[in-house]
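What follows is a single structure, written as structure tokens, with notes after it.
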Amino acid sequence: MLEIKDLHVNVFGKEILKGLSLTVPPGEVHAIMGPNGAGKSTTSYTLAGRAGYEVTGGEIDFYGEDVTALSPEERAAKGIFLAFQYPMEIPGVSTMNFLKTAMNAQAKLRNEPELDAAQFLRTVRAAAKELNISEDMLKRPLNVGFSGGEKKRNETLQMALLKPKLAILDEMDSGLDIDALKLVAEGVNKLRAPDRSFLVITHYQRLLDYIVPDVIHILAGGKIVMSGDKSLALQLEENGYDAVINKAA
Amino acid sequence: MSEETDTLQDLADQKYKYGFVSEIESDFAPKGLNEDVIRFISAKKDEPDWLLQYRLDAYRRWLTLEEPTWAKLDYPKIDFQDAYYYAAPKSDSDKPKSIDDVDPELLRVYEKLGIPLHEQEVLAGVEQRKVAVDAVFDSVSVVTTFKEELGKVGVIFCPISEALKTHPELVKQYLGTVVPASDNFYATLNAAVFSEGSFVYIPPGVRCPMELSTYFRINAAKSGQFERTLIIADKGSYVSYLEGCTAPQRDENQLHAAVVELIAMEDAEIKYSTVQNWYPGDENGKGGIYNFVTKRGDCRGDRSKISWTQVETGSAITWKYPSCVLRGDNSVGEFYSIAIANNYQQADTGTKMLHLGKNTSSRIISKGISAGKAQNTYRGLVSIHAKADGARNFTQCDSLLLGDQCGAHTVPYIQSRNPKAILEHEATTSKISDDQLFYCLSRGIPTEEAVALIVNGFCREVLQQLPMEFAVEAQKLVGISLEGSVG
């Protein structure tokens, strides 16, 4: 369970989040929608613990523990996963090697035994197959020369292997054509589970046709201004952010 | 600038795990350098007259030479009289015949360094490939393993002082033919005072059945190491050779001025790999080895090939340009380099590819990594002579910066006297971006491990060139060398 309480965040000395509160119970999918500059990316980076996103007030509780002061890798080990809008390229490091390093690093932080080579290979191959990811892609340097769709599928693969309790999907649909979007959404839907919640951050309603949320929140001016069921997305699509937000205010 | 960039500047203690000092009683030559010291060294090694003369000629020439200053290196003037030019473990004077006679204290040193000196131990490891080792401690070779087994196929692998006794004609024929005694200030110094090193001869048509390696250790205080390595691969033969080096952590700077000569005859191939991990000095730039090394390979025969791979992580100062003289037609020269400079380390390293023969080709892949306040320079010459029709070179120099107080410099020299030569040069400079680092962190990979991962990825093309068993070691070393470079 994720509970964000009255969160205030400064970036480069400027307050971006101004009292954001939000609760995502286990197993639920919540979407955050909002216009440009509302604080969507700041929300995802702050939850993942990125340096430079300074929490000046409020807190982030994760399964009853205040994680506001934890480092990104500690949060990852506690089960918070961020699927990036623009996944990073790491030349010379194969996807396979990266996955192994990440899985072993998290196991170490959790004082769990590392996977042996054979176990690891089996696990990765099975997960890759589920997501239609080729053996060749696993051998290529991480995200280098990957298409937009491949990068997002790779994010999904990482999610499948790292088994987070909370997955934050930051603009998962950006840079994807409709076929690639469907493929990625299908991958995400397979990972829905009673003990896993999702926070889907998006500008457009389109993604929510494929990853159907339980609750939609509208973020504007650094706080949640409105929450509702999935029909809220359609209202936004029809009338635009301004009209809906003004009505709420 | 974000906070992650700030933290990149934080330099913590760097760990150098080979910095221990061993209490080994040593024989020294009198301090300083003069003709008597040279006679002393020559007499210690019981050398033939021609070699003493060779040394004295080199010494007299050296007196007329000036230290080179063209490298981008900044260090106080070296007092060449304030060092010992010969140091040998006392126990060595009785000349141990086998491993059982070697001073156990010395054996413990190598054990601590992880160097296998017991053949049976190496043999016991079923999965590992065999590696023959020549262990050089200060100015003498302690032991050379697998000599007998190598002897069965005619391969000679022994300390150069021994080769001078057992195969004087070979040494005399080849010594100084690639790096003449007059070559440069440090090579000339080496010719005057060299005291150990390995000698390798691979007979025609023989593929050396195991990796050969020499492990250099400077132990005595205030002493320099001046080894000389000579490798000859006769027609159609192949050898892969690796050298490693470490030194104790000491406050004063110590001098290392080696010369390595490689000769590849027709259709022969030499693969020479170095993992250089001399003590780099502390995080404030105190102490460390001054490493002034001349390495050159001569592709003397047609279709011969010489490949240099180096992983340079140690030394306070590195001045080193392993080169290839591509004399034979269709000969090939390669240079793969990783140079890491952290804290106050300075590295000026690169290669020279001299294309003399027809259809000669060379390939240069250089990866420079700078962290802390270090300066890292790639300096390379590609020279195509008039008769080298069809010569080709490809050069790629990539620099990676960690933090914003270090420097990376690329100085390529290209001379072509043949209009048909094809030369390509690519260079890039990059930083580990905050985005890359955060991406790794968000997956649970802690900062130092993330940096090691990204840097190893950056170096991959070069690491791939190393023999399997050393590549793993080198990867770890890359991580360790950069420990503390990121906050």
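Letters A, B, ... mark the chains of the structure tokens in the order given; residue numbers begin at 1 per chain; ligand numbers begin at 1, in order shown.
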
Exercise for the section: Using only C-alpha atoms, select each residue of chain B with any atom at most 6 Å away from an atom of chain A, and give the selection as a ChimeraX atom specification. Expected result: /B:3,436,441-445,457-458,460

Problem - Spatial neighbours of B:Gly154, max dist 12 Å, only C-alpha atoms, sep filter under 2 positions, as a list in words - result: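 Everything that qualifies: Lys147, Glu148, Glu149, Leu150, Gly151, Lys152, Ile156, Phe157, Val200, Tyr201, Ile202, Pro203, Pro204, Gly205, Val206, Arg207, Cys208, Pro209, Ala233, Asp234 and Ser237 of chain B.
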
Listing only residues of stretch 370-426 of chain B within 10 Å of stretch 472-483 of chain B, what is the closest atom pair and its distance in Å (to one decimal) for each, using only C-alpha atoms, sorted by chain and residue number ascending, as JSON lines?
```
{"residue": "B:Ser370", "atom": "CA", "partner": "B:Leu482", "partner_atom": "CA", "distance": 9.2}
{"residue": "B:Ala371", "atom": "CA", "partner": "B:Leu482", "partner_atom": "CA", "distance": 7.4}
{"residue": "B:Gly372", "atom": "CA", "partner": "B:Leu482", "partner_atom": "CA", "distance": 9.2}
{"residue": "B:Leu402", "atom": "CA", "partner": "B:Leu482", "partner_atom": "CA", "distance": 9.3}
```

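Relative to atom CA of B:Val325, atom CA of B:Val193 is found at 25.3 Å.
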
Problem - Close residues, A:Val55 itself excluded, 12 Å, only C-alpha atoms, min 4 positions apart in chain, as an MDAnalysis selection string - result: chainID A and resid 4:20 42:43 45:47 49:51 59:60 67:70

Problem - Using only C-alpha atoms: which of A:Gly27, A:Gly34, A:Gly39, A:Pro213 has the shortest distance to A:Pro164 - result: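 When distances to A:Pro164 are compared using only C-alpha atoms, the smallest one comes from A:Gly27.
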
Excluding B:Lys77 and residues on its chain fewer than 5 positions from it, collect all residues at most 12 Å away from it, counting only C-alpha atoms, and give them as a compact mmCIF listing (two decimals) with N, CA and C atoms, in the first residue's frame.
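The resulting file, part20.txt, is shown below:
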```txt
# COMPACT_ATOMS: atom_id res chain seq x y z
N GLU B 66 68.70 14.30 -22.51
CA GLU B 66 67.79 15.09 -21.66
C GLU B 66 66.50 14.28 -21.47
N GLU B 67 65.87 14.45 -20.31
CA GLU B 67 64.58 13.82 -20.11
C GLU B 67 63.56 14.41 -21.07
N PRO B 68 62.72 13.56 -21.65
CA PRO B 68 61.70 14.11 -22.55
C PRO B 68 60.65 14.90 -21.76
N THR B 69 60.18 15.98 -22.34
CA THR B 69 59.20 16.81 -21.63
C THR B 69 57.94 17.04 -22.46
N ASP B 82 69.23 9.30 -6.45
CA ASP B 82 68.59 8.98 -5.17
C ASP B 82 67.79 7.68 -5.25
N ASN B 253 58.04 8.32 -4.39
CA ASN B 253 57.82 7.82 -5.74
C ASN B 253 58.93 6.84 -6.10
N TYR B 290 56.44 5.89 -10.79
CA TYR B 290 56.63 6.59 -12.06
C TYR B 290 56.94 5.52 -13.09
```

Problem - Residue neighbourhood stretch 37-45 of chain B, 7 Å, only C-alpha atoms, exclusion window fewer than 4 positions, as a list in words - result: Ala29, Pro30, Leu33, Leu52, Tyr86, Ser161, Ala192 and Val193 of chain B

Practice task
Go through B:Leu212, B:Val311, B:Val411, B:Leu65 one by one, measure the shortest atom-to-atom distance of each to B:Asp348 using only C-alpha atoms, and give the residue with the smallest value.
Solution key: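 Ranked by minimum distance to B:Asp348, first place goes to B:Val411.
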
Exercise for the section: Taking the DSSP assignment computed from this structure's backbone, write out as a PyMOL selection string all residues of stretch 259-336 of chain B that belong to strand (DSSP E or B). Expected result: chain B and resi 259-264+269-276+288-299+305-312+317-320+323-326+332-336

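Reported to one decimal place, the separation of atom CA of B:Tyr336 from atom CA of B:Lys387 is 26.3 Å.
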
Problem - Within 12 Å of B:Leu401 using only C-alpha atoms, minus same-chain residues under 3 positions, as number ranges by chain - result: B: 5, 8-9, 339-342, 367-376, 398, 404-409, 428-433, 451, 454-455, 458, 482, 485-486

Completion exercise
Shortest contact to B:Glu426, candidates B:His355, B:Lys235, B:Arg300, B:Arg363, atoms counted only C-alpha atoms, goes to B:Arg363

Exercise for the section: In Å, rounded to a single decimal, give me how far atom CA of B:Thr395 is from atom CA of B:Ala71. Expected result: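 Pair atom CA of B:Ala71 / atom CA of B:Thr395 returns 20.1 Å.
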